[in-house]
file input29.cif (mmCIF, C-alpha atoms and all ligand atoms)
data_model
#
loop_
_atom_site.label_atom_id
_atom_site.label_comp_id
_atom_site.auth_asym_id
_atom_site.auth_seq_id
_atom_site.Cartn_x
_atom_site.Cartn_y
_atom_site.Cartn_z
CA MET A 1 5.89 -96.87 85.23
CA SER A 2 4.68 -93.70 86.92
CA LEU A 3 7.12 -90.86 87.43
CA ILE A 4 4.76 -88.56 89.27
CA THR A 5 1.38 -89.31 90.80
CA THR A 6 -0.91 -86.93 92.62
CA GLN A 7 -3.95 -88.03 94.55
CA GLY A 8 -6.56 -85.67 95.89
CA LEU A 9 -4.01 -82.88 95.60
CA THR A 10 -5.34 -79.62 96.98
CA ILE A 11 -3.31 -76.41 97.09
CA SER A 12 -4.39 -73.26 98.84
CA HIS A 13 -3.01 -69.77 98.75
CA GLY A 14 -4.38 -68.49 102.03
CA ALA A 15 -7.81 -69.83 102.95
CA ASP A 16 -9.16 -70.64 99.51
CA PRO A 17 -8.10 -73.70 97.55
CA VAL A 18 -6.71 -72.78 94.15
CA LEU A 19 -6.52 -76.42 93.08
CA ARG A 20 -8.89 -79.09 94.30
CA ASP A 21 -8.68 -82.88 94.22
CA ILE A 22 -6.15 -83.26 91.45
CA ASP A 23 -5.54 -86.89 90.46
CA LEU A 24 -2.78 -86.94 87.90
CA ASP A 25 -0.40 -89.61 86.73
CA ILE A 26 2.58 -89.02 84.48
CA ALA A 27 4.20 -92.10 83.01
CA GLU A 28 7.73 -92.53 81.65
CA GLY A 29 8.24 -90.93 78.25
CA GLU A 30 4.77 -89.36 78.09
CA ILE A 31 4.07 -85.83 76.82
CA VAL A 32 1.29 -84.38 78.97
CA THR A 33 -0.01 -80.89 78.35
CA VAL A 34 -1.98 -78.90 80.87
CA ILE A 35 -4.26 -76.28 79.41
CA GLY A 36 -6.64 -73.93 81.15
CA PRO A 37 -7.66 -70.30 81.34
CA ASN A 38 -5.67 -67.61 83.14
CA GLY A 39 -5.71 -68.15 86.87
CA SER A 40 -6.90 -71.76 86.57
CA GLY A 41 -3.98 -73.04 88.64
CA LYS A 42 -1.56 -74.31 85.97
CA SER A 43 1.54 -72.69 87.45
CA THR A 44 0.38 -73.63 90.94
CA LEU A 45 0.20 -77.28 89.85
CA VAL A 46 3.70 -77.09 88.38
CA ARG A 47 5.08 -75.50 91.54
CA ALA A 48 3.45 -78.17 93.69
CA ILE A 49 4.94 -80.90 91.51
CA LEU A 50 8.35 -79.23 91.78
CA GLY A 51 7.99 -79.27 95.57
CA ILE A 52 7.97 -75.47 95.90
CA LEU A 53 4.39 -75.42 97.24
CA ALA A 54 3.17 -77.81 99.91
CA PRO A 55 -0.23 -79.48 99.47
CA SER A 56 -2.92 -78.46 101.92
CA ALA A 57 -4.47 -81.90 101.28
CA GLY A 58 -3.71 -84.96 99.21
CA ILE A 59 -0.37 -86.37 98.19
CA ILE A 60 2.29 -86.09 95.51
CA ARG A 61 4.40 -89.17 94.83
CA ARG A 62 7.61 -88.96 92.83
CA LYS A 63 9.57 -91.92 91.60
CA LYS A 64 12.59 -92.51 93.81
CA GLY A 65 15.55 -90.49 92.57
CA LEU A 66 13.41 -88.64 90.00
CA ARG A 67 15.40 -86.05 88.06
CA ILE A 68 13.36 -83.06 86.97
CA GLY A 69 14.49 -80.54 84.34
CA TYR A 70 12.55 -77.32 84.79
CA VAL A 71 12.11 -74.60 82.18
CA PRO A 72 10.54 -71.59 83.91
CA GLN A 73 7.90 -69.33 82.39
CA LYS A 74 10.30 -66.43 82.47
CA LEU A 75 13.63 -65.58 83.92
CA ALA A 76 14.14 -62.49 86.02
CA ILE A 77 17.39 -61.31 84.52
CA ASP A 78 18.73 -58.06 85.82
CA ALA A 79 19.95 -56.27 82.70
CA THR A 80 22.50 -54.41 84.82
CA LEU A 81 24.08 -57.69 85.93
CA PRO A 82 25.76 -59.13 82.85
CA ILE A 83 25.84 -62.89 82.48
CA THR A 84 26.77 -64.76 79.35
CA VAL A 85 25.00 -67.86 78.08
CA ARG A 86 28.16 -69.86 78.82
CA ARG A 87 28.23 -68.75 82.47
CA PHE A 88 24.51 -69.24 82.86
CA LEU A 89 24.83 -72.86 81.74
CA SER A 90 27.42 -73.41 84.50
CA LEU A 91 25.04 -72.34 87.24
CA PRO A 92 24.90 -73.97 89.69
CA THR A 93 27.06 -76.86 88.44
CA ARG A 94 30.20 -76.08 86.46
CA ILE A 95 30.30 -77.76 83.07
CA SER A 96 33.03 -78.07 80.44
CA ASP A 97 33.12 -76.08 77.21
CA ASP A 98 32.40 -79.28 75.29
CA VAL A 99 29.31 -80.08 77.30
CA ALA A 100 28.09 -76.49 76.93
CA ARG A 101 28.63 -76.61 73.16
CA GLN A 102 26.78 -79.92 72.87
CA ALA A 103 23.91 -78.66 75.03
CA LEU A 104 23.43 -75.57 72.85
CA THR A 105 23.76 -77.58 69.64
CA ARG A 106 21.11 -80.00 70.91
CA THR A 107 18.55 -77.23 71.07
CA GLY A 108 19.62 -75.48 67.87
CA VAL A 109 21.31 -72.42 69.41
CA GLN A 110 24.95 -73.35 68.89
CA GLY A 111 27.45 -70.53 68.98
CA LEU A 112 25.59 -68.35 71.48
CA GLU A 113 28.05 -68.96 74.31
CA ASP A 114 29.35 -65.40 74.53
CA ARG A 115 26.00 -63.66 74.16
CA GLN A 116 24.50 -61.84 77.11
CA MET A 117 21.42 -63.62 78.48
CA ALA A 118 19.52 -60.31 78.53
CA ALA A 119 20.22 -59.84 74.80
CA LEU A 120 18.67 -63.12 73.63
CA SER A 121 15.45 -63.21 71.63
CA GLY A 122 12.46 -64.97 73.19
CA GLY A 123 13.01 -68.09 71.11
CA GLN A 124 16.74 -68.20 71.83
CA LEU A 125 16.15 -67.74 75.55
CA GLN A 126 13.68 -70.65 75.65
CA ARG A 127 16.22 -72.87 73.92
CA VAL A 128 19.02 -71.84 76.27
CA LEU A 129 16.74 -72.54 79.25
CA LEU A 130 15.91 -75.92 77.72
CA SER A 131 19.62 -76.66 77.17
CA ARG A 132 20.27 -75.99 80.84
CA ALA A 133 17.31 -78.11 81.94
CA LEU A 134 18.63 -81.02 79.86
CA LEU A 135 22.09 -80.93 81.46
CA SER A 136 20.91 -83.02 84.41
CA GLN A 137 19.60 -85.73 82.03
CA PRO A 138 16.12 -85.44 83.51
CA ASP A 139 13.51 -88.19 83.67
CA ILE A 140 10.95 -85.48 83.11
CA LEU A 141 11.06 -82.01 81.63
CA ILE A 142 8.61 -79.54 83.08
CA LEU A 143 7.94 -76.45 80.98
CA ASP A 144 5.67 -73.63 82.12
CA GLU A 145 4.30 -71.83 79.05
CA PRO A 146 7.56 -72.15 77.15
CA THR A 147 6.26 -70.59 73.96
CA GLN A 148 4.83 -67.42 75.42
CA GLY A 149 5.79 -64.51 73.24
CA LEU A 150 6.91 -66.66 70.30
CA ASP A 151 5.36 -66.31 66.85
CA HIS A 152 3.56 -69.25 65.22
CA PRO A 153 6.57 -70.68 63.35
CA GLY A 154 8.59 -70.26 66.57
CA ILE A 155 5.97 -72.15 68.56
CA ALA A 156 5.78 -75.00 66.03
CA ALA A 157 9.58 -75.26 65.91
CA PHE A 158 9.80 -75.37 69.70
CA TYR A 159 7.26 -78.20 69.93
CA THR A 160 9.10 -80.12 67.22
CA LEU A 161 12.26 -79.75 69.30
CA ILE A 162 10.48 -81.02 72.40
CA GLU A 163 9.28 -84.08 70.48
CA GLU A 164 12.83 -84.72 69.23
CA VAL A 165 14.23 -84.41 72.75
CA ARG A 166 11.66 -86.89 74.00
CA LYS A 167 12.51 -89.30 71.19
CA ASP A 168 16.26 -89.00 71.79
CA THR A 169 16.30 -89.08 75.58
CA GLY A 170 13.06 -90.91 76.42
CA CYS A 171 12.22 -88.27 79.02
CA ALA A 172 8.63 -87.47 79.89
CA VAL A 173 7.39 -83.93 79.34
CA LEU A 174 4.88 -81.91 81.34
CA LEU A 175 3.93 -78.76 79.47
CA VAL A 176 1.76 -75.86 80.40
CA SER A 177 0.44 -74.21 77.29
CA HIS A 178 -2.12 -72.00 75.68
CA ASP A 179 -1.23 -73.09 72.18
CA LEU A 180 -4.12 -75.43 71.59
CA HIS A 181 -3.44 -76.43 68.03
CA VAL A 182 0.16 -77.46 68.47
CA VAL A 183 -0.68 -78.95 71.84
CA MET A 184 -3.09 -81.25 70.11
CA ARG A 185 -0.45 -82.43 67.72
CA ALA A 186 2.43 -82.88 70.14
CA SER A 187 0.78 -84.30 73.27
CA ASP A 188 0.04 -87.85 74.28
CA ARG A 189 -2.47 -86.52 76.75
CA VAL A 190 -4.18 -83.21 77.37
CA VAL A 191 -5.39 -82.19 80.81
CA CYS A 192 -7.83 -79.33 81.08
CA LEU A 193 -7.57 -77.49 84.35
CA ASN A 194 -9.86 -74.96 85.91
CA GLY A 195 -9.22 -75.18 89.63
CA HIS A 196 -9.87 -78.90 89.21
CA ILE A 197 -9.39 -81.31 86.33
CA CYS A 198 -12.31 -80.61 83.99
CA CYS A 199 -11.37 -83.37 81.60
CA GLN A 200 -8.40 -85.21 80.24
CA GLY A 201 -7.66 -87.69 77.51
CA THR A 202 -5.68 -88.31 74.36
CA PRO A 203 -5.74 -85.38 71.94
CA GLY A 204 -7.92 -87.46 69.60
CA MET A 205 -10.45 -88.19 72.32
CA VAL A 206 -10.54 -84.63 73.51
CA GLN A 207 -10.59 -83.15 70.04
CA SER A 208 -13.41 -85.31 68.74
CA ALA A 209 -15.58 -84.81 71.78
CA PRO A 210 -18.37 -82.25 71.45
CA GLU A 211 -17.40 -81.26 74.96
CA TYR A 212 -14.03 -80.14 73.69
CA HIS A 213 -15.74 -77.76 71.30
CA ALA A 214 -17.94 -76.47 74.08
CA LEU A 215 -14.94 -76.14 76.39
CA PHE A 216 -12.68 -74.25 74.06
CA GLY A 217 -15.08 -72.67 71.64
CA VAL A 218 -12.98 -74.13 68.84
CA SER A 219 -13.22 -72.08 65.73
CA GLU A 220 -10.83 -70.01 63.74
CA GLY A 221 -10.07 -68.48 67.15
CA GLY A 222 -7.72 -71.43 67.60
CA ALA A 223 -4.94 -70.68 70.00
CA LEU A 224 -6.87 -67.99 71.79
CA ALA A 225 -10.02 -70.04 72.20
CA ILE A 226 -8.81 -71.24 75.58
CA TYR A 227 -9.61 -67.85 77.04
CA GLU A 228 -13.25 -68.43 76.15
CA HIS A 229 -13.50 -71.48 78.38
CA HIS A 230 -17.24 -72.09 78.74
CA HIS A 231 -18.52 -73.49 81.96
CA ASP A 232 -22.16 -74.22 81.16
CA HIS A 233 -21.62 -77.81 80.14
CA THR A 234 -20.87 -81.27 81.39
CA HIS A 235 -18.38 -83.67 79.89
CA ASP A 236 -18.19 -86.58 82.27
CA HIS A 237 -17.80 -89.19 79.59
CA ILE A 238 -14.33 -87.95 78.77
CA HIS A 239 -11.99 -89.26 81.40
CA GLY A 240 -12.38 -86.68 84.12
CA GLU A 241 -14.55 -85.42 86.86
CA GLY A 242 -16.85 -83.21 84.90
CA CYS A 243 -17.08 -79.49 85.32
CA THR A 244 -19.16 -78.77 88.34
CA HIS A 245 -18.54 -75.04 88.23
CA ASP A 246 -20.75 -72.63 86.40
N1 LIG B 301 1.57 -66.73 95.92
C1 LIG B 301 0.26 -66.59 95.75
N2 LIG B 301 -0.49 -66.04 96.72
C2 LIG B 301 -1.82 -65.88 96.56
N3 LIG B 301 -2.52 -66.27 95.46
C3 LIG B 301 -1.82 -66.80 94.47
C4 LIG B 301 -0.39 -67.00 94.55
N4 LIG B 301 0.02 -67.57 93.39
C5 LIG B 301 -1.09 -67.73 92.64
N5 LIG B 301 -2.19 -67.28 93.28
C6 LIG B 301 -3.57 -67.32 92.76
O1 LIG B 301 -3.87 -68.65 92.43
C7 LIG B 301 -4.67 -68.72 91.25
C8 LIG B 301 -3.99 -69.62 90.22
O2 LIG B 301 -2.80 -69.00 89.78
P1 LIG B 301 -1.83 -69.70 88.75
O3 LIG B 301 -0.66 -68.77 88.55
O4 LIG B 301 -1.54 -71.07 89.21
O5 LIG B 301 -2.73 -69.76 87.44
P2 LIG B 301 -2.35 -70.06 85.93
O6 LIG B 301 -3.36 -70.99 85.42
O7 LIG B 301 -0.91 -70.47 85.84
O8 LIG B 301 -2.55 -68.62 85.27
P3 LIG B 301 -1.90 -67.92 83.96
O9 LIG B 301 -2.43 -68.64 82.76
O10 LIG B 301 -2.42 -66.53 84.06
O11 LIG B 301 -0.41 -68.02 84.11
C9 LIG B 301 -4.85 -67.28 90.80
O12 LIG B 301 -6.11 -66.84 91.24
C10 LIG B 301 -3.73 -66.55 91.48
O13 LIG B 301 -4.07 -65.20 91.72
#

call {"tool": "encode", "arguments": {"input": "input29.cif", "output": "structure tokens", "more": "lines below"}}
Ligand SMILES: Nc1ncnc2c1ncn2[C@@H]1O[C@H](COP(=O)(O)OP(=O)(O)OP(=O)(O)O)[C@@H](O)[C@H]1O
result
Amino acid sequence: MSLITTQGLTISHGADPVLRDIDLDIAEGEIVTVIGPNGSGKSTLVRAILGILAPSAGIIRRKKGLRIGYVPQKLAIDATLPITVRRFLSLPTRISDDVARQALTRTGVQGLEDRQMAALSGGQLQRVLLSRALLSQPDILILDEPTQGLDHPGIAAFYTLIEEVRKDTGCAVLLVSHDLHVVMRASDRVVCLNGHICCQGTPGMVQSAPEYHALFGVSEGGALAIYEHHHDHTHDHIHGEGCTHD
């Protein structure tokens, strides 16, 4: 069953569309990863799905009563305004100490209750944000570049955690990521965005397609290859619309 469907979704900031004609379907329990170069509209897509940005054309359908758990790209924490992890977890809905303890244990950061949010490491912060997102028992977790700033072991550990959470709770996951290698391992489906959907498919399909190699310049460059997104190609036979840009 579909949790979120977009059809012909177009989002504009001002006059120019940033995203064009996005047809996307996210099913229950699916891990979908959106990859694309800087400025390709990944965060814009997430914000549209969250309902923060209104479409200038097309539609977004959400399953009735859909619960979304959102893990933002970063958190603007004012270092001069102290807030502990425990208090942060109780915003906006107050939770018991037991629930807070369980939530932190679930994501492997037990015992951090009394720490200041501003004092957490990047990896700890991501896990605390994930703990909070899971409190509402979401049908879908949406994570915007959750592993930015983490080292390779940290990235791999975070993806393993996401897979465990999916297994335990059955929630779907929509991830925005630049970490191509781990993305390939952890995702059911990869969507390549560059203002429109260039291509999408299972990691196996995408990875074995010559178009994938052309798209991402896959080499030892690995995780950074996404920034070398090449546009002088077509790849219509992967499920997608083909890249019409140059
Ligand atoms: N509020 C806004 N007003 C005007 N333009 C915006 C706004 N937000 C985003 N944009 C523009 O929309 C385009 C897509 O931005 P978006 O943040 O969605 O890209 P992204 O793929 O998430 O990039 P990155 O990988 O750098 O985070 C960019 O050209 C950006 O400058």

call {"tool": "atom_distance", "arguments": {"input": "input29.cif", "atom1": "CA of Ile59 (chain A)", "atom2": "CA of Glu145 (chain A)"}}
result
24.5 Å

call {"tool": "closest_atom_pairs", "arguments": {"input": "input29.cif", "of": "chain A", "to": "ligand LIG 301 (chain B)", "cutoff": "6 Å", "atoms": "all atoms listed in the file", "output": "Markdown table"}}
result
| residue | atom | partner | partner_atom | distance |
| --- | --- | --- | --- | --- |
| A:His13 | CA | B:LIG301 | C2 | 4.6 |
| A:Val18 | CA | B:LIG301 | O1 | 5.3 |
| A:Pro37 | CA | B:LIG301 | O9 | 5.7 |
| A:Asn38 | CA | B:LIG301 | O9 | 3.4 |
| A:Gly39 | CA | B:LIG301 | O5 | 3.4 |
| A:Ser40 | CA | B:LIG301 | O6 | 3.8 |
| A:Gly41 | CA | B:LIG301 | O4 | 3.2 |
| A:Lys42 | CA | B:LIG301 | O6 | 3.8 |
| A:Ser43 | CA | B:LIG301 | O7 | 3.7 |
| A:Thr44 | CA | B:LIG301 | O4 | 3.6 |

call {"tool": "residues_around", "arguments": {"input": "input29.cif", "residues": "Ala54 (chain A)", "least_positions_apart": "4", "cutoff": "10 Å", "atoms": "all atoms listed in the file", "output": "PDB file with C-alpha atoms, in the coordinates of the input"}}
result
ATOM      1  CA  LEU A   9      -4.010 -82.880  95.600  1.00  0.00           C
ATOM      2  CA  THR A  10      -5.340 -79.620  96.980  1.00  0.00           C
ATOM      3  CA  ILE A  11      -3.310 -76.410  97.090  1.00  0.00           C
ATOM      4  CA  SER A  12      -4.390 -73.260  98.840  1.00  0.00           C
ATOM      5  CA  ARG A  47       5.080 -75.500  91.540  1.00  0.00           C
ATOM      6  CA  ALA A  48       3.450 -78.170  93.690  1.00  0.00           C
ATOM      7  CA  ILE A  49       4.940 -80.900  91.510  1.00  0.00           C
ATOM      8  CA  LEU A  50       8.350 -79.230  91.780  1.00  0.00           C
ATOM      9  CA  GLY A  58      -3.710 -84.960  99.210  1.00  0.00           C
ATOM     10  CA  ILE A  59      -0.370 -86.370  98.190  1.00  0.00           C
ATOM     11  CA  ILE A  60       2.290 -86.090  95.510  1.00  0.00           C
TER      12      ILE A  60
END

call {"tool": "residues_around", "arguments": {"input": "input29.cif", "residues": "region 158-169 of chain A", "least_positions_apart": "4", "cutoff": "12 Å", "atoms": "only C-alpha atoms", "output": "PyMOL selection string"}}
result
chain A and resi 28-33+71+103+105-109+122-128+130-131+133-143+145-148+150-154+173-175+177+179-188

call {"tool": "write_last_selection", "arguments": {"input": "input29.cif", "atoms": "C-alpha atoms", "output": "PDB file, in the coordinates of the input"}}
result
ATOM      1  CA  GLU A  28       7.730 -92.530  81.650  1.00  0.00           C
ATOM      2  CA  GLY A  29       8.240 -90.930  78.250  1.00  0.00           C
ATOM      3  CA  GLU A  30       4.770 -89.360  78.090  1.00  0.00           C
ATOM      4  CA  ILE A  31       4.070 -85.830  76.820  1.00  0.00           C
ATOM      5  CA  VAL A  32       1.290 -84.380  78.970  1.00  0.00           C
ATOM      6  CA  THR A  33      -0.010 -80.890  78.350  1.00  0.00           C
ATOM      7  CA  VAL A  71      12.110 -74.600  82.180  1.00  0.00           C
ATOM      8  CA  ALA A 103      23.910 -78.660  75.030  1.00  0.00           C
ATOM      9  CA  THR A 105      23.760 -77.580  69.640  1.00  0.00           C
ATOM     10  CA  ARG A 106      21.110 -80.000  70.910  1.00  0.00           C
ATOM     11  CA  THR A 107      18.550 -77.230  71.070  1.00  0.00           C
ATOM     12  CA  GLY A 108      19.620 -75.480  67.870  1.00  0.00           C
ATOM     13  CA  VAL A 109      21.310 -72.420  69.410  1.00  0.00           C
ATOM     14  CA  GLY A 122      12.460 -64.970  73.190  1.00  0.00           C
ATOM     15  CA  GLY A 123      13.010 -68.090  71.110  1.00  0.00           C
ATOM     16  CA  GLN A 124      16.740 -68.200  71.830  1.00  0.00           C
ATOM     17  CA  LEU A 125      16.150 -67.740  75.550  1.00  0.00           C
ATOM     18  CA  GLN A 126      13.680 -70.650  75.650  1.00  0.00           C
ATOM     19  CA  ARG A 127      16.220 -72.870  73.920  1.00  0.00           C
ATOM     20  CA  VAL A 128      19.020 -71.840  76.270  1.00  0.00           C
ATOM     21  CA  LEU A 130      15.910 -75.920  77.720  1.00  0.00           C
ATOM     22  CA  SER A 131      19.620 -76.660  77.170  1.00  0.00           C
ATOM     23  CA  ALA A 133      17.310 -78.110  81.940  1.00  0.00           C
ATOM     24  CA  LEU A 134      18.630 -81.020  79.860  1.00  0.00           C
ATOM     25  CA  LEU A 135      22.090 -80.930  81.460  1.00  0.00           C
ATOM     26  CA  SER A 136      20.910 -83.020  84.410  1.00  0.00           C
ATOM     27  CA  GLN A 137      19.600 -85.730  82.030  1.00  0.00           C
ATOM     28  CA  PRO A 138      16.120 -85.440  83.510  1.00  0.00           C
ATOM     29  CA  ASP A 139      13.510 -88.190  83.670  1.00  0.00           C
ATOM     30  CA  ILE A 140      10.950 -85.480  83.110  1.00  0.00           C
ATOM     31  CA  LEU A 141      11.060 -82.010  81.630  1.00  0.00           C
ATOM     32  CA  ILE A 142       8.610 -79.540  83.080  1.00  0.00           C
ATOM     33  CA  LEU A 143       7.940 -76.450  80.980  1.00  0.00           C
ATOM     34  CA  GLU A 145       4.300 -71.830  79.050  1.00  0.00           C
ATOM     35  CA  PRO A 146       7.560 -72.150  77.150  1.00  0.00           C
ATOM     36  CA  THR A 147       6.260 -70.590  73.960  1.00  0.00           C
ATOM     37  CA  GLN A 148       4.830 -67.420  75.420  1.00  0.00           C
ATOM     38  CA  LEU A 150       6.910 -66.660  70.300  1.00  0.00           C
ATOM     39  CA  ASP A 151       5.360 -66.310  66.850  1.00  0.00           C
ATOM     40  CA  HIS A 152       3.560 -69.250  65.220  1.00  0.00           C
ATOM     41  CA  PRO A 153       6.570 -70.680  63.350  1.00  0.00           C
ATOM     42  CA  GLY A 154       8.590 -70.260  66.570  1.00  0.00           C
ATOM     43  CA  VAL A 173       7.390 -83.930  79.340  1.00  0.00           C
ATOM     44  CA  LEU A 174       4.880 -81.910  81.340  1.00  0.00           C
ATOM     45  CA  LEU A 175       3.930 -78.760  79.470  1.00  0.00           C
ATOM     46  CA  SER A 177       0.440 -74.210  77.290  1.00  0.00           C
ATOM     47  CA  ASP A 179      -1.230 -73.090  72.180  1.00  0.00           C
ATOM     48  CA  LEU A 180      -4.120 -75.430  71.590  1.00  0.00           C
ATOM     49  CA  HIS A 181      -3.440 -76.430  68.030  1.00  0.00           C
ATOM     50  CA  VAL A 182       0.160 -77.460  68.470  1.00  0.00           C
ATOM     51  CA  VAL A 183      -0.680 -78.950  71.840  1.00  0.00           C
ATOM     52  CA  MET A 184      -3.090 -81.250  70.110  1.00  0.00           C
ATOM     53  CA  ARG A 185      -0.450 -82.430  67.720  1.00  0.00           C
ATOM     54  CA  ALA A 186       2.430 -82.880  70.140  1.00  0.00           C
ATOM     55  CA  SER A 187       0.780 -84.300  73.270  1.00  0.00           C
ATOM     56  CA  ASP A 188       0.040 -87.850  74.280  1.00  0.00           C
TER      57      ASP A 188
END

call {"tool": "residues_around", "arguments": {"input": "input29.cif", "residues": "Ala119 (chain A)", "least_positions_apart": "3", "cutoff": "12 Å", "atoms": "only C-alpha atoms", "output": "VMD selection string"}}
result
chain A and resid 77 to 85 112 114 to 116 122 to 125

call {"tool": "closest_residue", "arguments": {"input": "input29.cif", "among": "A:Gln73, A:Gly149, A:Ser208, A:Val190", "to": "Ser121 (chain A)", "atoms": "all atoms listed in the file"}}
result
A:Gly149

call {"tool": "atom_distance", "arguments": {"input": "input29.cif", "atom1": "CA of Asp144 (chain A)", "atom2": "CA of Val46 (chain A)"}}
result
7.4 Å

call {"tool": "closest_residue", "arguments": {"input": "input29.cif", "among": "A:Ile155, A:Leu89, A:Leu24, A:Leu19", "to": "Ala57 (chain A)", "atoms": "only C-alpha atoms"}}
result
A:Leu19

call {"tool": "closest_residue", "arguments": {"input": "input29.cif", "among": "A:Gly111, A:Pro92, A:Gly36, A:Gly69", "to": "His196 (chain A)", "atoms": "all atoms listed in the file"}}
result
A:Gly36

call {"tool": "decode", "arguments": {"input": "input29.cif", "residues": "region 27-59 of chain A", "atoms": "C-alpha atoms", "output": "CSV table (one decimal), in the first residue's frame"}}
result
chain,number,residue,atom,x,y,z
A,27,ALA,CA,5.2,1.9,-0.2
A,28,GLU,CA,4.8,0.6,3.4
A,29,GLY,CA,8.1,-0.6,4.8
A,30,GLU,CA,10.2,0.5,1.8
A,31,ILE,CA,13.7,2.2,2.1
A,32,VAL,CA,13.9,4.7,-0.6
A,33,THR,CA,17.0,6.8,-1.1
A,34,VAL,CA,17.1,10.0,-3.1
A,35,ILE,CA,20.5,11.0,-4.4
A,36,GLY,CA,21.5,13.9,-6.6
A,37,PRO,CA,24.1,16.6,-6.9
A,38,ASN,CA,24.1,19.8,-4.8
A,39,GLY,CA,21.1,22.0,-5.7
A,40,SER,CA,19.3,19.2,-7.5
A,41,GLY,CA,16.2,19.7,-5.3
A,42,LYS,CA,16.5,16.9,-2.7
A,43,SER,CA,15.7,19.0,0.3
A,44,THR,CA,13.0,20.8,-1.7
A,45,LEU,CA,11.4,17.4,-2.4
A,46,VAL,CA,11.5,16.5,1.3
A,47,ARG,CA,10.0,19.8,2.3
A,48,ALA,CA,7.2,19.4,-0.2
A,49,ILE,CA,6.5,15.9,1.1
A,50,LEU,CA,6.4,17.2,4.6
A,51,GLY,CA,3.9,19.8,3.5
A,52,ILE,CA,6.1,22.8,4.2
A,53,LEU,CA,6.3,23.8,0.5
A,54,ALA,CA,3.2,23.9,-1.7
A,55,PRO,CA,3.3,22.5,-5.2
A,56,SER,CA,3.1,24.9,-8.0
A,57,ALA,CA,1.7,22.0,-10.1
A,58,GLY,CA,0.9,18.4,-9.6
A,59,ILE,CA,-0.3,16.6,-6.5
